[in-house]
file start21.txt (compact mmCIF, C-alpha atoms)
# COMPACT_ATOMS: atom_id res chain seq x y z
CA MET A 1 21.46 -18.92 77.67
CA LYS A 2 19.55 -22.12 77.78
CA LYS A 3 19.72 -24.20 74.58
CA ILE A 4 16.45 -25.28 72.91
CA HIS A 5 16.56 -28.76 71.45
CA LEU A 6 14.32 -29.96 68.60
CA SER A 7 13.15 -32.80 70.75
CA ASP A 8 11.90 -30.30 73.27
CA LEU A 9 9.90 -28.37 70.58
CA LEU A 10 8.33 -31.53 69.29
CA GLU A 11 7.07 -32.24 72.77
CA ASN A 12 5.66 -28.67 73.02
CA ASN A 13 1.93 -28.68 72.16
CA ARG A 14 1.81 -24.97 71.40
CA PHE A 15 4.63 -25.20 68.89
CA LEU A 16 3.03 -28.19 67.24
CA LYS A 17 -0.23 -26.30 66.69
CA ILE A 18 1.53 -23.36 64.99
CA LEU A 19 3.58 -25.73 62.87
CA SER A 20 0.45 -27.57 61.74
CA VAL A 21 -1.20 -24.38 60.53
CA LEU A 22 1.91 -23.32 58.64
CA VAL A 23 2.22 -26.71 56.95
CA ALA A 24 -1.47 -26.59 55.94
CA VAL A 25 -1.06 -23.17 54.32
CA ILE A 26 1.98 -24.27 52.37
CA ALA A 27 0.17 -27.40 51.26
CA TRP A 28 -2.84 -25.41 50.06
CA PHE A 29 -0.59 -23.07 48.08
CA LEU A 30 1.27 -25.95 46.44
CA ILE A 31 -1.94 -27.72 45.53
CA SER A 32 -3.62 -24.57 44.13
CA THR A 33 -0.63 -23.71 41.94
CA THR A 34 0.37 -27.17 40.82
CA VAL A 35 -2.39 -29.65 41.33
CA ASP A 36 -5.32 -27.23 40.31
CA PRO A 37 -3.85 -24.46 38.11
CA ASN A 38 -7.09 -23.98 36.02
CA ALA A 39 -9.42 -22.36 38.51
CA SER A 40 -12.53 -20.66 37.06
CA THR A 41 -14.52 -17.58 38.08
CA THR A 42 -17.23 -15.41 36.51
CA ILE A 43 -17.09 -11.62 36.54
CA GLN A 44 -20.60 -10.23 36.18
CA ASN A 45 -21.95 -6.97 34.73
CA VAL A 46 -19.03 -6.06 32.51
CA PRO A 47 -20.12 -3.13 30.26
CA ILE A 48 -19.88 -3.35 26.48
CA THR A 49 -17.70 -0.66 24.87
CA ILE A 50 -18.58 0.59 21.36
CA ASP A 51 -16.20 3.04 19.67
CA LEU A 52 -17.37 4.17 16.21
CA ASN A 53 -14.27 6.23 15.44
CA ASN A 54 -12.59 5.09 12.23
CA THR A 55 -15.32 2.54 11.53
CA THR A 56 -17.66 2.06 8.58
CA PRO A 57 -20.85 2.96 10.49
CA GLY A 58 -19.14 5.95 12.09
CA SER A 59 -18.03 7.37 8.74
CA SER A 60 -21.56 6.76 7.35
CA GLY A 61 -23.09 9.02 9.99
CA LEU A 62 -24.63 6.16 11.95
CA ARG A 63 -24.90 6.28 15.72
CA VAL A 64 -25.76 3.69 18.36
CA VAL A 65 -29.34 4.12 19.51
CA SER A 66 -29.67 1.13 21.85
CA THR A 67 -28.01 -2.17 22.72
CA THR A 68 -29.33 -5.47 24.11
CA PRO A 69 -27.86 -6.32 26.51
CA LEU A 70 -25.87 -3.43 27.94
CA GLU A 71 -23.62 -5.66 30.04
CA VAL A 72 -22.30 -9.24 29.84
CA ASP A 73 -20.59 -11.80 32.05
CA VAL A 74 -16.91 -12.76 31.54
CA ASN A 75 -15.71 -16.25 32.46
CA VAL A 76 -12.05 -16.40 33.51
CA GLN A 77 -9.94 -19.60 33.73
CA GLY A 78 -6.46 -19.42 35.17
CA MET A 79 -4.41 -19.48 38.31
CA SER A 80 -6.69 -18.90 41.22
CA TYR A 81 -4.24 -16.66 43.00
CA GLU A 82 -4.36 -14.29 39.97
CA ILE A 83 -7.97 -14.45 38.83
CA GLY A 84 -9.36 -14.21 42.32
CA LYS A 85 -8.63 -10.51 42.51
CA LEU A 86 -10.09 -9.52 39.09
CA LYS A 87 -13.09 -7.21 38.83
CA ALA A 88 -15.37 -5.83 36.06
CA SER A 89 -13.22 -2.75 35.46
CA ASP A 90 -10.30 -5.05 34.48
CA PHE A 91 -12.03 -6.10 31.23
CA ILE A 92 -12.92 -4.46 27.92
CA VAL A 93 -15.72 -6.08 25.91
CA THR A 94 -16.07 -4.86 22.29
CA PRO A 95 -17.89 -5.96 19.09
CA THR A 96 -15.73 -7.67 16.48
CA ASN A 97 -17.60 -6.98 13.21
CA LEU A 98 -18.52 -3.28 13.36
CA ASN A 99 -17.25 -2.60 9.86
CA GLU A 100 -19.95 -4.83 8.39
CA ILE A 101 -22.61 -2.25 9.32
CA THR A 102 -23.52 0.18 6.52
CA GLN A 103 -27.26 0.84 7.03
CA PRO A 104 -29.56 1.88 9.89
CA GLY A 105 -31.41 -0.89 11.70
CA VAL A 106 -30.93 -3.59 14.34
CA HIS A 107 -27.82 -5.70 13.81
CA GLU A 108 -26.34 -8.66 15.70
CA LEU A 109 -22.64 -8.25 16.51
CA ASN A 110 -20.14 -10.75 17.96
CA LEU A 111 -18.28 -9.88 21.14
CA THR A 112 -14.67 -10.25 22.20
CA VAL A 113 -13.04 -9.57 25.55
CA LYS A 114 -9.58 -8.63 26.79
CA THR A 115 -8.21 -7.71 30.17
CA THR A 116 -6.28 -4.65 31.24
CA ALA A 117 -4.93 -6.42 34.35
CA THR A 118 -1.32 -7.62 34.52
CA LEU A 119 -1.32 -11.45 34.61
CA HIS A 120 1.82 -13.56 34.92
CA VAL A 121 0.44 -16.78 33.51
CA GLU A 122 -1.84 -17.59 30.60
CA THR A 123 -5.54 -16.94 31.30
CA LYS A 124 -8.55 -18.01 29.23
CA LEU A 125 -11.36 -15.44 28.78
CA THR A 126 -14.85 -16.06 27.40
CA VAL A 127 -17.87 -13.73 27.25
CA LYS A 128 -21.52 -14.68 27.75
CA PRO A 129 -23.56 -14.02 25.70
CA SER A 130 -21.09 -14.10 22.85
CA SER A 131 -23.12 -11.67 20.72
CA PHE A 132 -25.55 -8.80 21.24
CA PHE A 133 -28.02 -6.65 19.27
CA VAL A 134 -27.34 -3.03 18.39
CA GLN A 135 -29.74 -0.51 16.85
CA PHE A 136 -28.01 1.95 14.54
CA ASP A 137 -29.53 5.11 13.11
CA ARG A 138 -28.60 8.57 11.86
CA ILE A 139 -29.16 11.45 14.28
CA GLU A 140 -31.56 14.21 13.19
CA LYS A 141 -32.14 17.57 14.85
CA LYS A 142 -35.42 19.42 14.33
CA THR A 143 -37.29 22.36 15.87
CA PHE A 144 -40.97 21.88 16.84
CA SER A 145 -43.62 24.34 17.99
CA LEU A 146 -45.12 23.43 21.35
CA GLN A 147 -48.80 23.07 22.15
CA ALA A 148 -50.25 22.97 25.66
CA SER A 149 -52.83 20.61 27.15
CA ALA A 150 -54.39 20.75 30.61
CA PRO A 151 -57.75 18.98 30.22
CA ASN A 152 -58.59 18.59 33.89
CA LYS A 153 -58.50 22.29 34.80
CA GLU A 154 -61.75 24.08 35.61
CA ALA A 155 -62.32 27.80 36.12
CA GLU A 156 -64.01 29.02 39.26
CA GLU A 157 -67.64 30.08 38.72
CA GLY A 158 -67.90 33.40 36.87
CA TYR A 159 -64.51 33.03 35.22
CA TYR A 160 -63.26 31.68 31.92
CA ILE A 161 -60.04 29.90 30.89
CA ASP A 162 -58.81 30.76 27.43
CA GLN A 163 -56.29 28.84 25.35
CA TYR A 164 -53.41 27.36 27.32
CA ILE A 165 -49.93 28.59 26.40
CA ALA A 166 -46.80 26.41 26.44
CA SER A 167 -43.52 27.87 27.65
CA PRO A 168 -41.13 27.80 25.92
CA ASN A 169 -43.13 27.94 22.70
CA GLU A 170 -40.74 25.69 20.77
CA VAL A 171 -38.18 22.96 21.41
CA VAL A 172 -35.18 21.56 19.55
CA VAL A 173 -35.32 17.74 19.47
CA SER A 174 -32.48 15.47 18.39
CA GLY A 175 -32.55 11.72 18.11
CA PRO A 176 -32.71 8.79 15.72
CA GLU A 177 -33.92 9.82 12.30
CA SER A 178 -36.51 7.03 12.30
CA VAL A 179 -38.05 8.41 15.51
CA VAL A 180 -37.78 12.16 14.88
CA SER A 181 -39.43 11.73 11.46
CA GLN A 182 -42.54 10.30 13.16
CA ILE A 183 -43.14 13.38 15.32
CA ALA A 184 -46.22 15.30 14.12
CA HIS A 185 -46.65 17.57 17.13
CA CYS A 186 -45.25 18.13 20.61
CA VAL A 187 -47.49 18.83 23.59
CA VAL A 188 -46.69 20.09 27.08
CA GLU A 189 -49.22 18.25 29.25
CA ASN A 190 -50.52 18.46 32.80
CA ASN A 191 -53.40 16.13 33.67
CA ASP A 192 -53.81 17.03 37.36
CA MET A 193 -57.26 18.01 38.60
CA MET A 194 -57.35 21.73 39.50
CA ILE A 195 -59.84 24.55 40.13
CA ILE A 196 -58.36 27.78 38.76
CA ASN A 197 -59.19 31.09 40.47
CA ASN A 198 -56.39 33.27 39.10
CA SER A 199 -54.03 33.40 36.14
CA THR A 200 -51.19 31.01 36.86
CA ALA A 201 -48.42 28.85 35.41
CA ILE A 202 -48.02 25.14 36.18
CA ASP A 203 -45.40 22.52 35.40
CA GLY A 204 -45.88 20.26 32.39
CA ASN A 205 -44.35 17.18 30.75
CA LEU A 206 -43.30 17.09 27.11
CA VAL A 207 -45.11 14.37 25.11
CA PHE A 208 -44.57 13.51 21.43
CA TYR A 209 -47.34 12.35 19.05
CA ASP A 210 -47.34 10.93 15.54
CA GLY A 211 -49.74 11.82 12.74
CA ASN A 212 -52.33 9.33 14.06
CA GLY A 213 -52.34 10.83 17.53
CA GLN A 214 -50.36 7.95 19.01
CA GLN A 215 -47.78 8.74 21.67
CA ILE A 216 -44.15 8.22 20.66
CA ASN A 217 -41.61 6.64 22.99
CA SER A 218 -39.17 9.46 23.82
CA GLU A 219 -36.41 7.39 25.47
CA THR A 220 -34.06 7.90 22.51
CA LEU A 221 -34.86 11.62 22.08
CA ASP A 222 -32.84 14.47 23.53
CA TYR A 223 -34.24 17.98 24.07
CA GLY A 224 -32.07 19.28 26.90
CA ASP A 225 -32.90 20.02 30.50
CA ILE A 226 -35.93 22.30 30.15
CA ASN A 227 -38.50 23.20 32.77
CA PHE A 228 -41.70 23.14 30.71
CA LYS A 229 -44.58 25.34 31.89
CA ILE A 230 -48.24 25.80 30.96
CA SER A 231 -49.61 29.33 31.37
CA ILE A 232 -53.31 29.45 32.24
CA PRO A 233 -54.84 32.90 31.57
CA LEU A 234 -58.00 33.52 33.58
CA TYR A 235 -60.70 35.93 32.44
CA LYS A 236 -63.74 37.46 34.10
CA LYS A 237 -66.85 36.30 32.24
CA VAL A 238 -69.14 39.30 31.57
CA THR A 239 -72.28 39.75 29.43
CA LEU A 240 -72.37 43.23 27.87
CA PRO A 241 -74.85 45.00 25.55
CA PHE A 242 -73.87 46.18 22.08
CA THR A 243 -73.98 49.94 21.50
CA PHE A 244 -73.36 52.29 18.57
CA GLU A 245 -73.11 56.03 17.92
CA PHE A 246 -75.01 58.26 15.47
CA ILE A 247 -73.04 60.80 13.43
CA ASN A 248 -74.20 63.67 11.18
CA VAL A 249 -77.42 63.98 13.19
CA PRO A 250 -79.62 66.95 12.23
CA LYS A 251 -80.09 69.41 15.08
CA ASN A 252 -83.82 68.81 15.27
CA ILE A 253 -83.57 65.02 15.69
CA ASP A 254 -83.97 63.27 19.05
CA THR A 255 -82.04 60.02 18.46
CA SER A 256 -83.59 58.39 21.52
CA GLN A 257 -86.84 58.12 19.52
CA ILE A 258 -85.23 56.25 16.63
CA GLU A 259 -86.30 52.61 16.68
CA TYR A 260 -83.94 49.77 15.72
CA ALA A 261 -83.37 46.06 16.23
CA MET A 262 -80.11 44.09 16.49
CA SER A 263 -79.59 40.56 15.20
CA PRO A 264 -78.67 37.83 15.87
CA VAL A 265 -78.30 39.20 19.42
CA ASP A 266 -78.07 42.54 21.16
CA LYS A 267 -75.48 41.48 23.74
CA ILE A 268 -72.43 39.30 24.00
CA THR A 269 -70.57 37.31 26.64
CA VAL A 270 -66.89 38.15 26.68
CA GLY A 271 -63.86 37.24 28.72
CA ILE A 272 -62.06 40.27 30.13
CA PRO A 273 -58.65 40.13 31.82
CA VAL A 274 -59.35 40.06 35.54
CA ASP A 275 -57.43 43.25 36.27
CA ALA A 276 -59.31 45.17 33.52
CA ALA A 277 -62.86 43.97 34.16
CA ALA A 278 -63.98 46.89 36.32
CA GLY A 279 -65.87 49.73 34.61
CA ILE A 280 -66.65 47.96 31.31
CA GLU A 281 -70.35 48.53 30.54
CA SER A 282 -70.83 47.87 26.81
CA ILE A 283 -69.23 46.84 23.52
CA SER A 284 -69.31 49.51 20.82
CA LEU A 285 -70.07 48.39 17.27
CA GLY A 286 -69.16 51.69 15.64
CA GLN A 287 -70.98 54.61 14.02
CA VAL A 288 -74.18 55.00 12.03
CA ASP A 289 -74.30 57.91 9.58
CA PHE A 290 -77.71 59.53 9.96
CA ARG A 291 -77.60 60.67 6.32
CA ARG A 292 -77.91 56.99 5.32
CA LEU A 293 -80.77 56.16 7.67
CA ASP A 294 -83.70 55.06 5.51
CA VAL A 295 -86.86 53.00 5.74
CA ASP A 296 -85.99 49.32 6.30
CA LYS A 297 -82.29 50.21 6.22
CA SER A 298 -79.87 47.88 7.96
CA PHE A 299 -76.18 48.21 8.80
CA SER A 300 -73.76 45.36 9.25
CA PHE A 301 -70.93 45.62 11.80
CA ASP A 302 -68.01 43.36 12.53
CA VAL A 303 -67.65 42.70 16.24
CA SER A 304 -64.32 44.14 17.34
CA LEU A 305 -63.16 43.68 20.90
CA LEU A 306 -60.42 45.48 22.76
CA ALA A 307 -57.01 43.83 22.81
CA GLY A 308 -56.95 41.04 25.36
CA TYR A 309 -60.73 40.42 25.30
CA ILE A 310 -62.07 36.96 24.44
CA ASN A 311 -65.19 36.47 22.29
CA ILE A 312 -66.73 33.63 24.31
CA ASP A 313 -70.01 33.59 22.34
CA ASP A 314 -68.08 33.61 19.04
CA ILE A 315 -70.36 36.30 17.60
CA ASN A 316 -68.45 38.02 14.81
CA GLN A 317 -71.08 40.18 13.10
CA VAL A 318 -74.16 42.12 14.17
CA ASN A 319 -76.85 43.69 11.95
CA ILE A 320 -78.79 46.78 13.02
CA SER A 321 -82.15 47.25 11.31
CA PHE A 322 -83.83 50.65 11.61
CA LEU A 323 -87.41 51.87 11.46
CA ASN A 324 -90.59 49.91 10.87
CA ASP A 325 -94.05 50.15 9.32
CA GLU A 326 -94.75 53.41 11.15
CA TYR A 327 -92.16 55.19 8.99
CA ASP A 328 -92.46 56.41 5.42
CA LYS A 329 -90.63 58.57 2.87
CA VAL A 330 -91.35 61.58 0.70
CA TYR A 331 -89.44 63.49 -2.00
CA LEU A 332 -89.28 67.30 -1.80
CA SER A 333 -87.42 70.12 -3.52
CA SER A 334 -86.19 73.37 -2.04
CA SER A 335 -85.20 76.79 -3.35
CA ASN A 336 -84.46 78.02 0.17
CA ILE A 337 -80.66 77.91 -0.14
CA VAL A 338 -78.42 79.84 2.22
CA THR A 339 -74.67 80.07 2.89
CA ALA A 340 -72.77 80.06 6.16
CA ASN A 341 -69.19 80.67 7.30
CA VAL A 342 -67.94 82.07 3.98
CA PRO A 343 -64.21 82.73 4.49
CA THR A 344 -63.07 86.34 4.79
CA GLY A 345 -61.83 87.70 1.47
CA TYR A 346 -64.20 85.60 -0.63
CA GLN A 347 -67.58 86.28 -2.21
CA VAL A 348 -69.92 83.36 -2.99
CA GLU A 349 -72.75 83.44 -5.51
CA ILE A 350 -75.23 80.55 -5.58
CA ILE A 351 -75.73 79.35 -9.14
CA SER A 352 -78.06 76.41 -8.40
CA GLY A 353 -81.54 77.81 -8.01
CA LYS A 354 -83.06 74.69 -6.50
CA VAL A 355 -82.15 71.34 -4.95
CA SER A 356 -84.49 68.63 -6.20
CA ASP A 357 -85.48 65.09 -5.22
CA ILE A 358 -84.54 65.37 -1.57
CA ARG A 359 -85.61 62.13 0.11
CA PHE A 360 -87.07 62.68 3.58
CA VAL A 361 -87.82 59.91 6.10
CA GLY A 362 -89.93 60.08 9.24
CA LYS A 363 -93.02 58.74 10.90
CA LYS A 364 -96.03 58.70 8.57
CA ASP A 365 -98.03 61.27 10.50
CA ILE A 366 -95.12 63.74 10.18
CA ILE A 367 -93.98 63.01 6.63
CA GLN A 368 -97.43 63.50 5.06
CA ASP A 369 -97.59 67.12 6.21
CA LEU A 370 -94.14 68.23 4.94
CA THR A 371 -93.83 70.73 2.07
CA SER A 372 -90.96 72.36 0.24
CA GLU A 373 -91.42 75.43 2.43
CA ASP A 374 -90.22 73.38 5.42
CA VAL A 375 -86.85 72.58 3.80
CA VAL A 376 -83.68 74.62 4.36
CA VAL A 377 -80.53 73.96 2.30
CA THR A 378 -77.31 75.28 3.87
CA ALA A 379 -73.90 75.53 2.20
CA ASP A 380 -71.58 75.68 5.22
CA PHE A 381 -68.15 76.68 3.98
CA SER A 382 -66.48 75.70 7.25
CA ASN A 383 -66.76 72.15 5.88
CA VAL A 384 -65.19 73.07 2.50
CA THR A 385 -61.48 72.29 2.61
CA ASN A 386 -60.59 72.98 -1.05
CA LEU A 387 -62.24 76.32 -1.75
CA THR A 388 -60.96 77.85 -5.01
CA THR A 389 -62.02 80.76 -7.16
CA GLY A 390 -64.41 80.07 -10.01
CA GLU A 391 -67.32 77.70 -10.25
CA GLN A 392 -67.37 74.56 -8.12
CA ARG A 393 -69.75 72.22 -6.38
CA VAL A 394 -69.92 72.28 -2.59
CA PRO A 395 -71.78 69.93 -0.23
CA VAL A 396 -74.89 71.13 1.57
CA SER A 397 -76.73 70.14 4.71
CA ILE A 398 -80.51 69.80 4.62
CA SER A 399 -82.75 70.49 7.59
CA LEU A 400 -86.38 71.12 8.43
CA VAL A 401 -87.88 74.06 10.23
CA ASP A 402 -89.83 73.79 13.47
CA ASN A 403 -87.64 70.89 14.84
CA THR A 404 -89.60 68.37 12.80
CA GLN A 405 -88.66 64.71 13.59
CA ALA A 406 -87.76 63.81 10.01
CA TRP A 407 -84.49 63.90 8.12
CA ALA A 408 -82.95 63.93 4.66
CA VAL A 409 -81.34 60.74 3.33
CA GLY A 410 -78.25 60.90 1.16
CA GLU A 411 -75.94 63.74 0.25
CA LYS A 412 -76.57 66.76 -1.97
CA SER A 413 -74.43 69.54 -3.39
CA ILE A 414 -74.94 72.85 -5.21
CA LEU A 415 -73.00 74.81 -7.81
CA VAL A 416 -71.52 78.10 -6.62
CA SER A 417 -69.24 80.77 -8.03
CA VAL A 418 -66.43 81.85 -5.76
CA LYS A 419 -64.68 85.18 -6.22
CA GLU A 420 -61.74 86.50 -4.27
CA ILE A 421 -62.32 90.06 -3.00
CA THR A 422 -59.43 92.47 -3.43
CA SER A 423 -58.83 95.48 -1.20
CA THR A 424 -59.87 97.93 -4.00
CA GLU A 425 -63.25 96.31 -4.47
call {"tool": "encode", "arguments": {"input": "start21.txt", "output": "structure tokens"}}
result
Amino acid sequence: MKKIHLSDLLENNRFLKILSVLVAVIAWFLISTTVDPNASTTIQNVPITIDLNNTTPGSSGLRVVSTTPLEVDVNVQGMSYEIGKLKASDFIVTPTNLNEITQPGVHELNLTVKTTATLHVETKLTVKPSSFFVQFDRIEKKTFSLQASAPNKEAEEGYYIDQYIASPNEVVVSGPESVVSQIAHCVVENNDMMIINNSTAIDGNLVFYDGNGQQINSETLDYGDINFKISIPLYKKVTLPFTFEFINVPKNIDTSQIEYAMSPVDKITVGIPVDAAAGIESISLGQVDFRRLDVDKSFSFDVSLLAGYINIDDINQVNISFLNDEYDKVYLSSSNIVTANVPTGYQVEIISGKVSDIRFVGKKDIIQDLTSEDVVVTADFSNVTNLTTGEQRVPVSISLVDNTQAWAVGEKSILVSVKEITSTE
């Protein structure tokens, strides 16, 4: 094997180049560790850690609401070969004077830093900024009812949008006591422009308002991950007449000839659920007892709609006035008293010989010709539910012969004697 002499290597250009690089590296290492041991670097965006366990604010029920800033920079001085590989996760930045906090509010706290990395030589650590601001408060949880707002929605022509409905109808909100206590009402809002042509549900955003109607910043509030909706019920808008029904009408009376007037209106605009709108022709006010129908008599009715209907006109009461100047009244008596539908096994004797002061109402040209001979008083025992033996008063119906278009006002009764018939009688 051929021997390699040092003199030969020194004359070899390739070897000299490699040797130069090696010497330069060694020189750099020696200089960096001996000549410049205090290298400096800055680690940015190191998070601040706040642990309230076993602290004065923690035991007082205080919680951290916000911090300014959230992160700091850590300056490191030490051996460059050690600090050069450090990163943000190698440091823990914490406040030093937590136990001084006893009340809610914004407090300035000093910061300290330590490293979790293994370092072989002494390293100097400093944090910038050296203090930060922390807002402390107690956490309150409260349940609020939800309202709904969708101001830019318009119903298609011929339809009506009723009150918007928020879903869910309530929400549990937790957050700083100072913020939760300001909440006066919670609203699910959708401000998009829309033309509504069917009942639908749209997405909404939860917004908090104080007692003055000012919006509250909700960044510190927690109410879970809820998909808020606004239900928009659509109704068919229909104008319908008011109607009523006569009861206890004498057989001779044609009710179509009875004149009346309704006030303040004789019809109403209502909202009817779209799927129920077909076939609805009127709104019934109720019943009018013909026995109470008198000259200048009026009846007051509360407007009652079917479940699900909307009173768009907001008309809550209607008066019906009957008759006019063409009608008059007269008082008659009658001894023409008869019985009907006496139950089997009973005998009835009429004790009252006459019914007096019967008030009749009708058109003037009819009323003026009436006499007592035209009046028939009937005690119909099919309407007597508590028939007993002995004397008792029973109601009677009063009618006119010859189908006269007039009628008796009020109710009358007569005294009768009731006897039970035995099989030997």
call {"tool": "residues_around", "arguments": {"input": "start21.txt", "residues": "Asp289 of chain A", "least_positions_apart": "2", "cutoff": "6 Å", "atoms": "only C-alpha atoms", "output": "VMD selection string"}}
result
chain A and resid 246 to 248 291 to 292
call {"tool": "closest_residue", "arguments": {"input": "start21.txt", "among": "A:Thr344, A:Thr422, A:Gln287, A:Asn252", "to": "Ser399 of chain A", "atoms": "all atoms listed in the file"}}
result
A:Asn252
call {"tool": "atom_distance", "arguments": {"input": "start21.txt", "atom1": "atom CA of Val173 of chain A", "atom2": "atom CA of Leu109 of chain A"}}
result
29.1 Å
call {"tool": "closest_residue", "arguments": {"input": "start21.txt", "among": "A:Glu411, A:Asp325, A:Glu177, A:Glu189", "to": "Lys153 of chain A", "atoms": "only C-alpha atoms"}}
result
A:Glu189
call {"tool": "atom_distance", "arguments": {"input": "start21.txt", "atom1": "atom CA of Asn383 of chain A", "atom2": "atom CA of Pro395 of chain A"}}
result
8.2 Å
call {"tool": "closest_residue", "arguments": {"input": "start21.txt", "among": "A:Leu293, A:Ile315, A:Ser417, A:Thr102", "to": "Ser352 of chain A", "atoms": "all atoms listed in the file"}}
result
A:Ser417
call {"tool": "atom_distance", "arguments": {"input": "start21.txt", "atom1": "atom CA of Asn341 of chain A", "atom2": "atom CA of Leu370 of chain A"}}
result
28.0 Å
call {"tool": "residues_around", "arguments": {"input": "start21.txt", "residues": "Phe299 of chain A", "least_positions_apart": "4", "cutoff": "8 Å", "atoms": "all atoms listed in the file", "output": "mmCIF file with C-alpha atoms, in the coordinates of the input"}}
result
data_model
loop_
_atom_site.group_PDB
_atom_site.id
_atom_site.type_symbol
_atom_site.label_atom_id
_atom_site.label_comp_id
_atom_site.auth_asym_id
_atom_site.auth_seq_id
_atom_site.Cartn_x
_atom_site.Cartn_y
_atom_site.Cartn_z
ATOM 1 C CA VAL A 288 -74.180 55.000 12.030
ATOM 2 C CA ASN A 319 -76.850 43.690 11.950
ATOM 3 C CA ILE A 320 -78.790 46.780 13.020
ATOM 4 C CA SER A 321 -82.150 47.250 11.310
#
call {"tool": "closest_residue", "arguments": {"input": "start21.txt", "among": "A:Val330, A:Leu70, A:Val409, A:Leu240", "to": "Ile366 of chain A", "atoms": "all atoms listed in the file"}}
result
A:Val330
call {"tool": "decode", "arguments": {"input": "start21.txt", "residues": "segment 348-361 of chain A", "atoms": "N, CA, C and O atoms", "output": "JSON list (two decimals), in the first residue's frame"}}
result
[["chain", "number", "residue", "atom", "x", "y", "z"],
["A", 348, "VAL", "N", -154.28, 18.55, 34.94],
["A", 348, "VAL", "CA", -153.90, 19.94, 35.19],
["A", 348, "VAL", "C", -155.15, 20.81, 35.17],
["A", 348, "VAL", "O", -155.95, 20.77, 34.23],
["A", 349, "GLU", "N", -155.28, 21.62, 36.20],
["A", 349, "GLU", "CA", -156.35, 22.60, 36.28],
["A", 349, "GLU", "C", -155.73, 23.99, 36.30],
["A", 349, "GLU", "O", -154.82, 24.28, 37.08],
["A", 350, "ILE", "N", -156.21, 24.86, 35.40],
["A", 350, "ILE", "CA", -155.70, 26.22, 35.31],
["A", 350, "ILE", "C", -156.37, 27.07, 36.37],
["A", 350, "ILE", "O", -157.60, 27.20, 36.40],
["A", 351, "ILE", "N", -155.55, 27.63, 37.26],
["A", 351, "ILE", "CA", -156.08, 28.48, 38.32],
["A", 351, "ILE", "C", -156.13, 29.94, 37.88],
["A", 351, "ILE", "O", -157.09, 30.66, 38.16],
["A", 352, "SER", "N", -155.08, 30.39, 37.17],
["A", 352, "SER", "CA", -155.06, 31.78, 36.67],
["A", 352, "SER", "C", -156.14, 31.93, 35.62],
["A", 352, "SER", "O", -156.18, 31.19, 34.62],
["A", 353, "GLY", "N", -157.03, 32.90, 35.84],
["A", 353, "GLY", "CA", -158.10, 33.10, 34.86],
["A", 353, "GLY", "C", -157.71, 34.00, 33.71],
["A", 353, "GLY", "O", -158.34, 33.98, 32.65],
["A", 354, "LYS", "N", -156.65, 34.75, 33.89],
["A", 354, "LYS", "CA", -156.27, 35.72, 32.85],
["A", 354, "LYS", "C", -154.78, 36.04, 32.98],
["A", 354, "LYS", "O", -154.22, 36.05, 34.09],
["A", 355, "VAL", "N", -154.15, 36.32, 31.85],
["A", 355, "VAL", "CA", -152.78, 36.83, 31.82],
["A", 355, "VAL", "C", -152.85, 38.29, 31.38],
["A", 355, "VAL", "O", -153.37, 38.59, 30.28],
["A", 356, "SER", "N", -152.34, 39.17, 32.22],
["A", 356, "SER", "CA", -152.49, 40.61, 31.97],
["A", 356, "SER", "C", -151.17, 41.24, 31.53],
["A", 356, "SER", "O", -150.09, 40.67, 31.68],
["A", 357, "ASP", "N", -151.31, 42.46, 31.01],
["A", 357, "ASP", "CA", -150.16, 43.32, 30.66],
["A", 357, "ASP", "C", -149.16, 42.60, 29.76],
["A", 357, "ASP", "O", -147.95, 42.62, 29.98],
["A", 358, "ILE", "N", -149.68, 41.97, 28.73],
["A", 358, "ILE", "CA", -148.80, 41.33, 27.74],
["A", 358, "ILE", "C", -148.38, 42.42, 26.74],
["A", 358, "ILE", "O", -149.23, 43.01, 26.07],
["A", 359, "ARG", "N", -147.08, 42.63, 26.64],
["A", 359, "ARG", "CA", -146.55, 43.68, 25.76],
["A", 359, "ARG", "C", -146.32, 43.10, 24.37],
["A", 359, "ARG", "O", -145.55, 42.16, 24.19],
["A", 360, "PHE", "N", -147.03, 43.66, 23.38],
["A", 360, "PHE", "CA", -146.88, 43.22, 22.00],
["A", 360, "PHE", "C", -146.17, 44.30, 21.19],
["A", 360, "PHE", "O", -146.38, 45.50, 21.40],
["A", 361, "VAL", "N", -145.32, 43.86, 20.25],
["A", 361, "VAL", "CA", -144.57, 44.77, 19.39],
["A", 361, "VAL", "C", -144.79, 44.35, 17.94],
["A", 361, "VAL", "O", -144.84, 43.16, 17.61]]
